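See below for input_12.cif, which holds mmCIF, C-alpha atoms.
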data_protein
loop_
_atom_site.group_PDB
_atom_site.id
_atom_site.type_symbol
_atom_site.label_atom_id
_atom_site.label_comp_id
_atom_site.auth_asym_id
_atom_site.auth_seq_id
_atom_site.Cartn_x
_atom_site.Cartn_y
_atom_site.Cartn_z
ATOM 1 C CA MET J 1 17.696 59.169 -49.208
ATOM 2 C CA VAL J 2 20.515 57.398 -47.365
ATOM 3 C CA ASN J 3 19.991 53.654 -46.974
ATOM 4 C CA LYS J 4 18.853 53.017 -43.427
ATOM 5 C CA GLN J 5 20.635 50.112 -41.788
ATOM 6 C CA SER J 6 18.763 47.804 -39.435
ATOM 7 C CA THR J 7 19.328 48.396 -35.725
ATOM 8 C CA SER J 8 19.412 44.621 -35.254
ATOM 9 C CA SER J 9 20.967 41.627 -36.953
ATOM 10 C CA THR J 10 17.508 40.041 -37.097
ATOM 11 C CA GLN J 11 16.068 39.411 -40.547
ATOM 12 C CA TYR J 12 12.274 39.434 -40.713
ATOM 13 C CA ILE J 13 9.811 37.557 -42.939
ATOM 14 C CA PHE J 14 6.238 38.824 -43.224
ATOM 15 C CA ASP J 15 3.495 37.454 -45.476
ATOM 16 C CA ARG J 16 1.842 40.349 -47.347
ATOM 17 C CA SER J 17 -0.194 38.248 -49.737
ATOM 18 C CA TYR J 18 -3.206 40.335 -48.721
ATOM 19 C CA LEU J 19 -2.021 43.059 -51.115
ATOM 20 C CA GLY J 20 -3.735 43.278 -54.468
ATOM 21 C CA ILE J 21 -1.331 41.918 -57.103
ATOM 22 C CA TYR J 22 -1.925 42.716 -60.784
ATOM 23 C CA GLU J 23 -0.187 42.315 -64.124
ATOM 24 C CA ILE J 24 -0.757 45.134 -66.602
ATOM 25 C CA THR J 25 0.015 44.909 -70.308
ATOM 26 C CA GLY J 26 -0.575 47.115 -73.328
ATOM 27 C CA ASN J 27 1.283 49.899 -75.093
ATOM 28 C CA ASP J 28 -0.533 52.632 -73.153
ATOM 29 C CA SER J 29 -0.156 51.125 -69.672
ATOM 30 C CA LEU J 30 2.478 53.421 -68.209
ATOM 31 C CA ASP J 31 1.140 56.476 -70.012
ATOM 32 C CA LEU J 32 -2.332 55.987 -68.508
ATOM 33 C CA LEU J 33 -1.020 55.289 -65.004
ATOM 34 C CA ASN J 34 1.146 58.395 -65.296
ATOM 35 C CA ARG J 35 -1.908 60.500 -66.189
ATOM 36 C CA LEU J 36 -3.837 59.140 -63.198
ATOM 37 C CA SER J 37 -1.241 59.530 -60.459
ATOM 38 C CA SER J 38 1.113 61.970 -58.774
ATOM 39 C CA ASN J 39 4.554 60.555 -59.568
ATOM 40 C CA LYS J 40 6.258 60.353 -62.945
ATOM 41 C CA VAL J 41 6.031 56.711 -64.032
ATOM 42 C CA ASP J 42 5.722 56.850 -67.817
ATOM 43 C CA ASP J 43 9.470 56.435 -68.243
ATOM 44 C CA LEU J 44 10.109 53.442 -65.944
ATOM 45 C CA ASN J 45 13.055 51.457 -67.257
ATOM 46 C CA ILE J 46 13.068 47.664 -67.399
ATOM 47 C CA ASN J 47 13.509 46.130 -63.929
ATOM 48 C CA ARG J 48 12.806 49.438 -62.216
ATOM 49 C CA GLY J 49 9.830 50.489 -60.142
ATOM 50 C CA ALA J 50 8.168 53.387 -58.353
ATOM 51 C CA SER J 51 5.341 54.149 -55.991
ATOM 52 C CA THR J 52 2.747 56.729 -56.956
ATOM 53 C CA ILE J 53 -0.442 58.172 -55.470
ATOM 54 C CA LEU J 54 -3.950 57.963 -56.878
ATOM 55 C CA THR J 55 -5.856 61.042 -55.734
ATOM 56 C CA ASN J 56 -9.444 62.157 -56.211
ATOM 57 C CA SER J 57 -10.567 65.519 -57.585
ATOM 58 C CA LYS J 58 -10.184 67.082 -54.119
ATOM 59 C CA GLY J 59 -6.563 65.989 -53.906
ATOM 60 C CA ARG J 60 -7.317 63.350 -51.268
ATOM 61 C CA VAL J 61 -5.553 59.993 -51.303
ATOM 62 C CA ILE J 62 -7.338 56.958 -52.780
ATOM 63 C CA ASP J 63 -4.311 54.664 -52.520
ATOM 64 C CA VAL J 64 -0.580 54.439 -53.065
ATOM 65 C CA ILE J 65 0.226 51.853 -55.712
ATOM 66 C CA THR J 66 3.632 50.330 -56.460
ATOM 67 C CA LEU J 67 4.679 49.542 -60.025
ATOM 68 C CA PHE J 68 7.547 47.507 -61.478
ATOM 69 C CA ASN J 69 8.399 47.269 -65.169
ATOM 70 C CA HIS J 70 9.432 43.645 -65.638
ATOM 71 C CA ASP J 71 9.329 41.030 -68.380
ATOM 72 C CA SER J 72 7.160 42.957 -70.889
ATOM 73 C CA LYS J 73 4.534 43.804 -68.285
ATOM 74 C CA ILE J 74 3.878 46.105 -65.362
ATOM 75 C CA ILE J 75 3.497 44.501 -61.958
ATOM 76 C CA MET J 76 1.205 46.580 -59.770
ATOM 77 C CA TYR J 77 0.266 46.058 -56.178
ATOM 78 C CA THR J 78 -2.350 47.926 -54.212
ATOM 79 C CA SER J 79 -3.004 48.278 -50.505
ATOM 80 C CA LYS J 80 -4.917 45.716 -48.475
ATOM 81 C CA ASN J 81 -8.643 45.507 -49.264
ATOM 82 C CA ASN J 82 -8.399 48.360 -51.755
ATOM 83 C CA SER J 83 -7.995 46.554 -55.054
ATOM 84 C CA ARG J 84 -11.552 47.083 -56.232
ATOM 85 C CA GLU J 85 -11.439 50.837 -55.716
ATOM 86 C CA VAL J 86 -8.107 51.124 -57.540
ATOM 87 C CA ILE J 87 -9.255 49.035 -60.502
ATOM 88 C CA ASP J 88 -12.551 50.916 -60.725
ATOM 89 C CA TRP J 89 -10.635 54.199 -60.713
ATOM 90 C CA ILE J 90 -8.402 53.033 -63.566
ATOM 91 C CA ASP J 91 -11.435 51.714 -65.491
ATOM 92 C CA THR J 92 -13.247 55.043 -65.115
ATOM 93 C CA TYR J 93 -10.519 56.837 -67.034
ATOM 94 C CA THR J 94 -9.774 54.116 -69.590
ATOM 95 C CA PHE J 95 -11.358 54.854 -72.963
ATOM 96 C CA ILE J 96 -9.469 53.798 -76.098
ATOM 97 C CA GLU J 97 -6.139 53.108 -74.393
ATOM 98 C CA ASP J 98 -4.353 49.825 -75.084
ATOM 99 C CA ILE J 99 -4.234 48.428 -71.541
ATOM 100 C CA THR J 100 -5.218 45.132 -69.913
ATOM 101 C CA VAL J 101 -5.282 44.653 -66.142
ATOM 102 C CA VAL J 102 -5.303 41.093 -64.771
ATOM 103 C CA ASN J 103 -5.733 40.089 -61.114
ATOM 104 C CA THR J 104 -3.035 37.540 -60.253
ATOM 105 C CA ASN J 105 -3.753 37.028 -56.535
ATOM 106 C CA SER J 106 -4.821 33.437 -57.175
ATOM 107 C CA GLU J 107 -1.467 32.726 -58.845
ATOM 108 C CA LEU J 108 1.041 34.925 -57.003
ATOM 109 C CA ASP J 109 1.804 35.760 -53.385
ATOM 110 C CA LEU J 110 4.035 38.441 -51.910
ATOM 111 C CA ILE J 111 6.404 37.970 -48.982
ATOM 112 C CA THR J 112 8.175 40.932 -47.401
ATOM 113 C CA LEU J 113 11.781 40.491 -46.260
ATOM 114 C CA ILE J 114 13.117 43.115 -43.838
ATOM 115 C CA GLY J 115 16.806 43.473 -43.029
ATOM 116 C CA ASP J 116 20.184 44.307 -44.483
ATOM 117 C CA ASN J 117 21.355 40.875 -45.597
ATOM 118 C CA TRP J 118 18.558 39.401 -47.709
ATOM 119 C CA SER J 119 20.182 40.394 -51.004
ATOM 120 C CA ILE J 120 23.389 38.641 -49.897
ATOM 121 C CA TYR J 121 21.474 35.482 -49.014
ATOM 122 C CA LEU J 122 19.384 35.431 -52.176
ATOM 123 C CA ILE J 123 21.351 37.022 -55.034
ATOM 124 C CA GLN J 124 24.870 37.258 -53.570
ATOM 125 C CA LYS J 125 24.921 41.056 -53.723
ATOM 126 C CA PRO J 126 25.460 43.351 -50.737
ATOM 127 C CA ILE J 127 22.484 45.494 -51.744
ATOM 128 C CA ILE J 128 20.374 46.505 -54.718
ATOM 129 C CA ASP J 129 19.021 49.986 -55.361
ATOM 130 C CA LYS J 130 15.645 50.995 -54.020
ATOM 131 C CA PHE J 131 12.945 50.226 -56.592
ATOM 132 C CA ALA J 132 15.206 47.869 -58.524
ATOM 133 C CA CYS J 133 14.123 44.269 -59.074
ATOM 134 C CA GLU J 134 15.908 41.047 -59.999
ATOM 135 C CA SER J 135 14.733 37.591 -60.979
ATOM 136 C CA LEU J 136 16.042 34.664 -58.967
ATOM 137 C CA ASP J 137 15.510 30.986 -58.334
ATOM 138 C CA ILE J 138 14.634 29.566 -54.899
ATOM 139 C CA ASN J 139 14.688 25.772 -54.711
ATOM 140 C CA GLY J 140 13.765 25.514 -58.379
ATOM 141 C CA THR J 141 11.009 28.153 -58.159
ATOM 142 C CA SER J 142 11.218 31.358 -60.213
ATOM 143 C CA CYS J 143 10.715 34.461 -58.061
ATOM 144 C CA LEU J 144 11.125 38.222 -58.325
ATOM 145 C CA LEU J 145 12.949 40.270 -55.685
ATOM 146 C CA MET J 146 11.917 43.960 -55.493
ATOM 147 C CA ARG J 147 13.467 46.449 -53.097
ATOM 148 C CA THR J 148 10.779 48.701 -51.560
ATOM 149 C CA ASP J 149 11.855 49.395 -47.919
ATOM 150 C CA PRO J 150 8.261 49.128 -46.593
ATOM 151 C CA THR J 151 9.164 49.668 -42.923
ATOM 152 C CA GLY J 152 11.819 52.337 -43.439
ATOM 153 C CA PHE J 153 14.695 49.888 -43.103
ATOM 154 C CA ILE J 154 16.217 48.118 -46.084
ATOM 155 C CA GLY J 155 13.607 45.611 -47.201
ATOM 156 C CA TYR J 156 12.373 43.630 -50.167
ATOM 157 C CA ASP J 157 9.147 42.261 -51.563
ATOM 158 C CA LEU J 158 9.466 38.747 -52.952
ATOM 159 C CA LEU J 159 6.898 37.800 -55.590
ATOM 160 C CA ILE J 160 6.397 34.032 -55.675
ATOM 161 C CA PRO J 161 4.003 31.394 -57.076
ATOM 162 C CA ALA J 162 1.112 31.021 -54.628
ATOM 163 C CA ASN J 163 1.323 27.240 -54.468
ATOM 164 C CA ASN J 164 4.969 27.433 -53.300
ATOM 165 C CA LYS J 165 4.498 30.003 -50.545
ATOM 166 C CA ASN J 166 4.757 27.769 -47.484
ATOM 167 C CA GLU J 167 7.733 25.896 -48.887
ATOM 168 C CA ILE J 168 9.585 29.140 -49.672
ATOM 169 C CA ILE J 169 8.823 30.746 -46.305
ATOM 170 C CA ASN J 170 10.107 27.631 -44.570
ATOM 171 C CA PHE J 171 13.268 27.637 -46.686
ATOM 172 C CA LEU J 172 13.919 31.343 -46.012
ATOM 173 C CA SER J 173 13.345 30.922 -42.282
ATOM 174 C CA LEU J 174 16.208 28.394 -42.136
ATOM 175 C CA ILE J 175 18.765 30.523 -44.006
ATOM 176 C CA ASN J 176 20.130 32.084 -40.825
ATOM 177 C CA PRO J 177 19.473 31.669 -37.071
ATOM 178 C CA ASP J 178 18.559 35.367 -36.885
ATOM 179 C CA VAL J 179 15.637 35.022 -39.299
ATOM 180 C CA GLU J 180 12.248 35.582 -37.643
ATOM 181 C CA ILE J 181 8.776 35.127 -39.126
ATOM 182 C CA ILE J 182 6.690 38.004 -37.783
ATOM 183 C CA ASN J 183 2.955 38.569 -37.429
ATOM 184 C CA GLU J 184 0.771 41.569 -38.178
ATOM 185 C CA TYR J 185 1.344 43.122 -34.734
ATOM 186 C CA LYS J 186 5.132 43.100 -35.117
ATOM 187 C CA TYR J 187 4.983 44.430 -38.675
ATOM 188 C CA ASP J 188 2.679 47.236 -37.594
ATOM 189 C CA TYR J 189 4.986 48.038 -34.677
ATOM 190 C CA LEU J 190 7.960 48.343 -37.043
ATOM 191 C CA ARG J 191 6.207 50.734 -39.399
ATOM 192 C CA ILE J 192 4.569 52.831 -36.637
ATOM 193 C CA ASN J 193 7.877 53.135 -34.791
ATOM 194 C CA GLU J 194 9.409 54.563 -37.977
ATOM 195 C CA GLY J 195 6.451 56.843 -38.750
ATOM 196 C CA ILE J 196 5.278 55.154 -41.945
ATOM 197 C CA PRO J 197 1.699 55.605 -43.220
ATOM 198 C CA ARG J 198 -0.617 52.722 -44.106
ATOM 199 C CA LEU J 199 -3.987 52.351 -45.830
ATOM 200 C CA ASP J 200 -7.078 52.785 -43.627
ATOM 201 C CA LYS J 201 -4.886 54.436 -41.018
ATOM 202 C CA GLU J 202 -3.091 57.424 -42.500
ATOM 203 C CA ILE J 203 -3.567 56.678 -46.201
ATOM 204 C CA SER J 204 -7.208 57.571 -46.784
ATOM 205 C CA GLU J 205 -9.503 60.100 -48.405
ATOM 206 C CA ASN J 206 -9.422 62.054 -45.134
ATOM 207 C CA PHE J 207 -5.977 63.389 -46.018
ATOM 208 C CA ASN J 208 -3.984 64.852 -48.890
ATOM 209 C CA PRO J 209 -0.409 63.710 -49.644
ATOM 210 C CA TRP J 210 1.261 66.640 -47.869
ATOM 211 C CA GLU J 211 -0.490 65.847 -44.596
ATOM 212 C CA ILE J 212 0.716 62.237 -44.357
ATOM 213 C CA ASN J 213 4.331 62.538 -45.518
ATOM 214 C CA LEU J 214 3.770 61.422 -49.105
ATOM 215 C CA ASN J 215 5.273 64.583 -50.591
ATOM 216 C CA TYR J 216 8.201 62.572 -51.999
ATOM 217 C CA LEU J 217 5.706 60.856 -54.329
ATOM 218 C CA VAL J 218 4.454 64.143 -55.784
ATOM 219 C CA ASN J 219 6.334 65.131 -58.936
ATOM 220 C CA MET J 220 6.041 68.903 -59.245
ATOM 221 C CA ASP J 221 7.022 69.047 -62.935
ATOM 222 C CA LYS J 222 4.915 66.352 -64.592
ATOM 223 C CA GLY J 223 1.760 66.800 -66.628
ATOM 224 C CA CYS J 224 -1.826 66.829 -65.381
ATOM 225 C CA TYR J 225 -3.467 64.141 -63.259
ATOM 226 C CA ILE J 226 -6.662 63.949 -61.229
ATOM 227 C CA GLY J 227 -6.325 66.199 -58.169
ATOM 228 C CA GLN J 228 -3.114 67.872 -59.328
ATOM 229 C CA GLU J 229 -4.427 71.439 -59.241
ATOM 230 C CA VAL J 230 -5.524 71.153 -55.613
ATOM 231 C CA ILE J 231 -2.318 69.417 -54.510
ATOM 232 C CA LEU J 232 -0.022 71.962 -56.151
ATOM 233 C CA ARG J 233 -2.063 74.914 -54.881
ATOM 234 C CA LEU J 234 -1.865 73.628 -51.307
ATOM 235 C CA ASN J 235 1.923 73.570 -51.583
ATOM 236 C CA THR J 236 2.437 76.771 -53.565
ATOM 237 C CA TYR J 237 0.323 78.922 -51.234
ATOM 238 C CA GLU J 238 1.418 77.107 -48.060
ATOM 239 C CA LYS J 239 -2.123 76.023 -47.265
ATOM 240 C CA VAL J 240 -1.258 72.664 -45.707
ATOM 241 C CA GLN J 241 -2.689 72.889 -42.190
ATOM 242 C CA LYS J 242 -1.642 69.607 -40.553
ATOM 243 C CA PHE J 243 1.149 67.056 -40.611
ATOM 244 C CA LEU J 244 1.848 63.437 -39.688
ATOM 245 C CA LYS J 245 3.830 63.094 -36.463
ATOM 246 C CA ARG J 246 5.338 60.213 -34.526
ATOM 247 C CA LEU J 247 4.173 60.151 -30.919
ATOM 248 C CA SER J 248 5.133 58.709 -27.565
ATOM 249 C CA ILE J 249 1.820 57.691 -26.040
ATOM 250 C CA GLU J 250 0.406 56.824 -22.664
ATOM 251 C CA LEU J 251 -2.978 55.340 -23.427
ATOM 252 C CA LYS J 252 -5.443 53.519 -21.213
ATOM 253 C CA ASP J 253 -7.303 51.922 -24.097
ATOM 254 C CA ASN J 254 -6.757 52.114 -27.845
ATOM 255 C CA GLN J 255 -10.070 53.273 -29.287
ATOM 256 C CA ASN J 256 -11.265 54.491 -32.645
ATOM 257 C CA ASN J 257 -11.747 58.242 -33.042
ATOM 258 C CA THR J 258 -9.145 59.210 -30.436
ATOM 259 C CA ASN J 259 -8.676 62.975 -30.603
ATOM 260 C CA ILE J 260 -5.611 64.996 -29.647
ATOM 261 C CA THR J 261 -6.611 68.074 -27.644
ATOM 262 C CA PHE J 262 -5.085 71.232 -26.180
ATOM 263 C CA GLU J 263 -7.067 73.321 -23.713
ATOM 264 C CA ASP J 264 -10.238 71.414 -24.652
ATOM 265 C CA ASN J 265 -9.780 72.165 -28.365
ATOM 266 C CA SER J 266 -9.241 69.379 -30.875
ATOM 267 C CA ILE J 267 -5.899 69.837 -32.645
ATOM 268 C CA GLY J 268 -5.518 66.453 -34.319
ATOM 269 C CA ILE J 269 -6.381 62.781 -34.433
ATOM 270 C CA ILE J 270 -4.573 59.565 -33.585
ATOM 271 C CA THR J 271 -4.285 57.451 -36.737
ATOM 272 C CA SER J 272 -2.214 54.463 -35.535
ATOM 273 C CA VAL J 273 -1.209 52.917 -32.207
ATOM 274 C CA ASP J 274 1.073 49.917 -31.784
ATOM 275 C CA ASN J 275 -0.048 46.921 -29.725
ATOM 276 C CA THR J 276 1.796 48.174 -26.624
ATOM 277 C CA ASN J 277 -0.144 51.471 -26.606
ATOM 278 C CA LYS J 278 3.225 53.252 -26.280
ATOM 279 C CA ILE J 279 4.018 54.468 -29.804
ATOM 280 C CA GLY J 280 1.604 56.006 -32.256
ATOM 281 C CA LEU J 281 1.086 58.253 -35.250
ATOM 282 C CA GLY J 282 -1.159 61.258 -35.438
ATOM 283 C CA VAL J 283 -2.097 64.026 -37.847
ATOM 284 C CA ILE J 284 -1.812 67.316 -35.983
ATOM 285 C CA ASN J 285 -2.513 70.971 -36.708
ATOM 286 C CA LYS J 286 0.770 72.587 -37.754
ATOM 287 C CA LYS J 287 0.542 75.229 -34.989
ATOM 288 C CA TYR J 288 0.987 72.446 -32.435
ATOM 289 C CA CYS J 289 3.659 70.304 -34.095
ATOM 290 C CA LYS J 290 6.665 71.367 -32.032
ATOM 291 C CA THR J 291 8.819 68.475 -30.836
ATOM 292 C CA GLY J 292 8.532 67.676 -27.129
ATOM 293 C CA LEU J 293 5.074 69.131 -26.550
ATOM 294 C CA THR J 294 2.581 66.862 -24.788
ATOM 295 C CA TYR J 295 -1.169 66.869 -25.396
ATOM 296 C CA GLN J 296 -4.210 65.124 -23.992
ATOM 297 C CA LEU J 297 -6.006 62.257 -25.706
ATOM 298 C CA VAL J 298 -9.780 61.984 -25.457
ATOM 299 C CA ASN J 299 -12.285 59.487 -26.828
ATOM 300 C CA GLU J 300 -15.400 60.288 -28.847
ATOM 301 C CA ASN J 301 -17.220 61.031 -25.578
ATOM 302 C CA SER J 302 -14.555 63.630 -24.691
ATOM 303 C CA GLU J 303 -13.287 61.464 -21.821
ATOM 304 C CA LEU J 304 -9.568 61.702 -21.016
ATOM 305 C CA ILE J 305 -7.844 58.429 -21.934
ATOM 306 C CA GLY J 306 -4.164 59.356 -22.189
ATOM 307 C CA THR J 307 -1.436 61.702 -23.375
ATOM 308 C CA ALA J 308 0.770 62.028 -26.465
ATOM 309 C CA GLU J 309 4.191 63.644 -26.798
ATOM 310 C CA ILE J 310 5.530 64.670 -30.205
ATOM 311 C CA LEU J 311 8.813 62.935 -30.944
ATOM 312 C CA GLU J 312 11.644 64.414 -32.963
ATOM 313 C CA THR J 313 12.142 62.270 -36.023
ATOM 314 C CA GLU J 314 12.611 62.538 -39.751
ATOM 315 C CA LEU J 315 9.950 60.314 -41.247
ATOM 316 C CA PRO J 316 11.237 57.877 -43.914
ATOM 317 C CA ASN J 317 10.105 57.932 -47.527
ATOM 318 C CA SER J 318 8.239 54.623 -47.357
ATOM 319 C CA ILE J 319 4.752 53.126 -47.256
ATOM 320 C CA ALA J 320 3.742 49.980 -45.410
#
What does this structure look like when you write it as structure tokens?
Amino acid sequence: MVNKQSTSSTQYIFDRSYLGIYEITGNDSLDLLNRLSSNKVDDLNINRGASTILTNSKGRVIDVITLFNHDSKIIMYTSKNNSREVIDWIDTYTFIEDITVVNTNSELDLITLIGDNWSIYLIQKPIIDKFACESLDINGTSCLLMRTDPTGFIGYDLLIPANNKNEIINFLSLINPDVEIINEYKYDYLRINEGIPRLDKEISENFNPWEINLNYLVNMDKGCYIGQEVILRLNTYEKVQKFLKRLSIELKDNQNNTNITFEDNSIGIITSVDNTNKIGLGVINKKYCKTGLTYQLVNENSELIGTAEILETELPNSIA
């Protein structure tokens, strides 16, 4: 996919230390993770990474994990508040494999850097490839820079010692006048505006990968994994019935369980709304996915609370 340039000169800093951060060692690490997930990850080269989907036996999404092969170990991070489920899933299918998984959240934090120029500031390179990583030193502190593009624009995850987080964020914020430290609302706005799925919103066991634009993480040629048969059958026989769409919304009140309706029939569900109640994401029946069409939004009591128009956009290959 073509590198997407930022529409602004602003460089963003966002603290994503809420992600589960793990170090995995053992000769069978990549082989086991490959057998449990949708993407091909058993051949990750040194200082390269990939995202891959853990799915259950019904082909529904448990989580999307990101892996980097670095310094004789695999760095894995999971979505927010989902570490226990991911680790339990790996444990369930670990028998005699040589693999050790260690939680490093007490030792490491993760800061996300969004914008075109961070690699110039930090490693004096105009850009590094997506899913490449490089070690660097910030004020005497060893860090790891990993390009992941979590909001659809060029972006990096910076893995740092937890006890140096505030110092490093402060240092990064002073690199350039255009650097801005953003909060959860702004980060969510960026990813919703680009149509990027997130755990507990789009990424959940309510959906399969095809329905939430995770098809780029499904390797069609690799060996078996949990849920593979269902996922491949859905694609082969064109059985996918709904798709993730970016929406322009007029909404009185952002509520849980907001349904998208047409002629009093439910045709989809709102999964994310930004804090302005103007832009959202929804999973909609494929018969109603034509760009420009507008539908009604109703709450769980079937009361009209707004409208949603399907926007024309190519959703990026990213996860937030």
Compile the contact shell of Gly155 (chain J) as a PyMOL selection string: residues with an atom at most 9 Å away, counting only C-alpha atoms, same-chain residues fewer than 5 positions apart removed.
chain J and resi 112-116+118+130+146-150
Might you spell out which residues the PyMOL selection byres ((chain J and resi 194-197) around 8) would select in the displayed file, as an NGL selection string?
:J and (151-152 or 190-193 or 198-199 or 201-203 or 212-213 or 245-246 or 281 or 315-320)
What is the CA of Thr307 (chain J) to CA of Glu250 (chain J) distance in Å?
5.3 Å
Pick from J:Cys133, J:Val41, J:Leu19, J:Leu297, whichever lies nearest to Asn256 (chain J) using only C-alpha atoms
J:Leu297
Check the smallest atom-to-atom distance from each of J:Ile120, J:Val230, J:Ile305, J:Ile111 to Tyr12 (chain J) using all atoms listed in the file, then report the winner.
J:Ile111
Could you tell me which residues the PyMOL selection byres ((chain J and resi 17) around 12) returns for this structure, as a list in words?
Phe14, Asp15, Arg16, Tyr18, Leu19, Gly20, Ile21, Tyr77, Thr78, Ser79, Lys80, Asn81, Thr104, Asn105, Ser106, Glu107, Leu108, Asp109, Leu110, Ile111, Thr112, Asp157, Leu158, Leu159, Ile160, Pro161, Ala162, Lys165 and Asn166 of chain J
Between CA of Leu122 (chain J) and CA of Thr52 (chain J), distance in Å (one decimal):
27.4 Å
Which of J:Ser51, J:Ser37, J:Thr258, J:Asn103 sits closest to Ile24 (chain J) [using only C-alpha atoms]:
J:Asn103
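Note that CA of Asn285 (chain J) and CA of Phe243 (chain J) are 6.6 Å apart.
Distances to Ala132 (chain J) were evaluated for J:Asn47, J:Ser248, J:Ser57, J:Thr261 using only C-alpha atoms, and the minimum falls at J:Asn47.
Minimum atom-to-atom distances from J:Tyr288, J:Leu304, J:Ile169, J:Ile53 to Asp264 (chain J) were compared using only C-alpha atoms, and the lowest value belongs to J:Leu304.
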Given the PyMOL selection byres ((chain J and resi 61) around 6) and the file above, list the residues it selects as a PyMOL selection string.
chain J and resi 55+60+62-63+204-205+208
Please produce a file of those selected residues containing C-alpha atoms, as a PDB file, keeping the file's coordinate frame.
ATOM      1  CA  THR J  55      -5.856  61.042 -55.734  1.00  0.00           C
ATOM      2  CA  ARG J  60      -7.317  63.350 -51.268  1.00  0.00           C
ATOM      3  CA  ILE J  62      -7.338  56.958 -52.780  1.00  0.00           C
ATOM      4  CA  ASP J  63      -4.311  54.664 -52.520  1.00  0.00           C
ATOM      5  CA  SER J 204      -7.208  57.571 -46.784  1.00  0.00           C
ATOM      6  CA  GLU J 205      -9.503  60.100 -48.405  1.00  0.00           C
ATOM      7  CA  ASN J 208      -3.984  64.852 -48.890  1.00  0.00           C
TER       8      ASN J 208
END
Could you extract region 75-89 of chain J of the given structure into a file holding N, CA and C atoms, as a short mmCIF file (atom, residue, chain, number, x, y, z; two decimals), in the first residue's frame?
data_model
loop_
_atom_site.label_atom_id
_atom_site.label_comp_id
_atom_site.auth_asym_id
_atom_site.auth_seq_id
_atom_site.Cartn_x
_atom_site.Cartn_y
_atom_site.Cartn_z
N ILE J 75 8.73 -9.55 20.30
CA ILE J 75 7.95 -8.57 21.04
C ILE J 75 6.51 -8.67 20.54
N MET J 76 5.59 -8.86 21.45
CA MET J 76 4.18 -8.97 21.07
C MET J 76 3.38 -7.93 21.84
N TYR J 77 2.51 -7.20 21.15
CA TYR J 77 1.55 -6.43 21.92
C TYR J 77 0.13 -6.71 21.49
N THR J 78 -0.74 -6.69 22.51
CA THR J 78 -2.15 -7.03 22.34
C THR J 78 -2.98 -5.75 22.51
N SER J 79 -4.25 -5.85 22.21
CA SER J 79 -5.13 -4.71 22.37
C SER J 79 -5.39 -4.40 23.84
N LYS J 80 -5.94 -3.23 24.08
CA LYS J 80 -6.24 -2.76 25.42
C LYS J 80 -7.18 -3.72 26.15
N ASN J 81 -6.84 -4.07 27.37
CA ASN J 81 -7.68 -4.89 28.24
C ASN J 81 -7.97 -6.28 27.66
N ASN J 82 -7.10 -6.75 26.77
CA ASN J 82 -7.35 -8.06 26.18
C ASN J 82 -6.18 -9.03 26.37
N SER J 83 -5.22 -8.64 27.18
CA SER J 83 -4.03 -9.47 27.34
C SER J 83 -4.35 -10.85 27.89
N ARG J 84 -5.22 -10.90 28.89
CA ARG J 84 -5.50 -12.18 29.54
C ARG J 84 -6.12 -13.18 28.56
N GLU J 85 -7.03 -12.70 27.73
CA GLU J 85 -7.68 -13.59 26.78
C GLU J 85 -6.67 -14.10 25.74
N VAL J 86 -5.78 -13.23 25.29
CA VAL J 86 -4.77 -13.64 24.32
C VAL J 86 -3.82 -14.67 24.92
N ILE J 87 -3.34 -14.40 26.12
CA ILE J 87 -2.40 -15.33 26.75
C ILE J 87 -3.07 -16.67 27.05
N ASP J 88 -4.30 -16.63 27.51
CA ASP J 88 -5.03 -17.88 27.76
C ASP J 88 -5.21 -18.67 26.47
N TRP J 89 -5.46 -17.97 25.38
CA TRP J 89 -5.64 -18.65 24.09
C TRP J 89 -4.33 -19.32 23.66
#
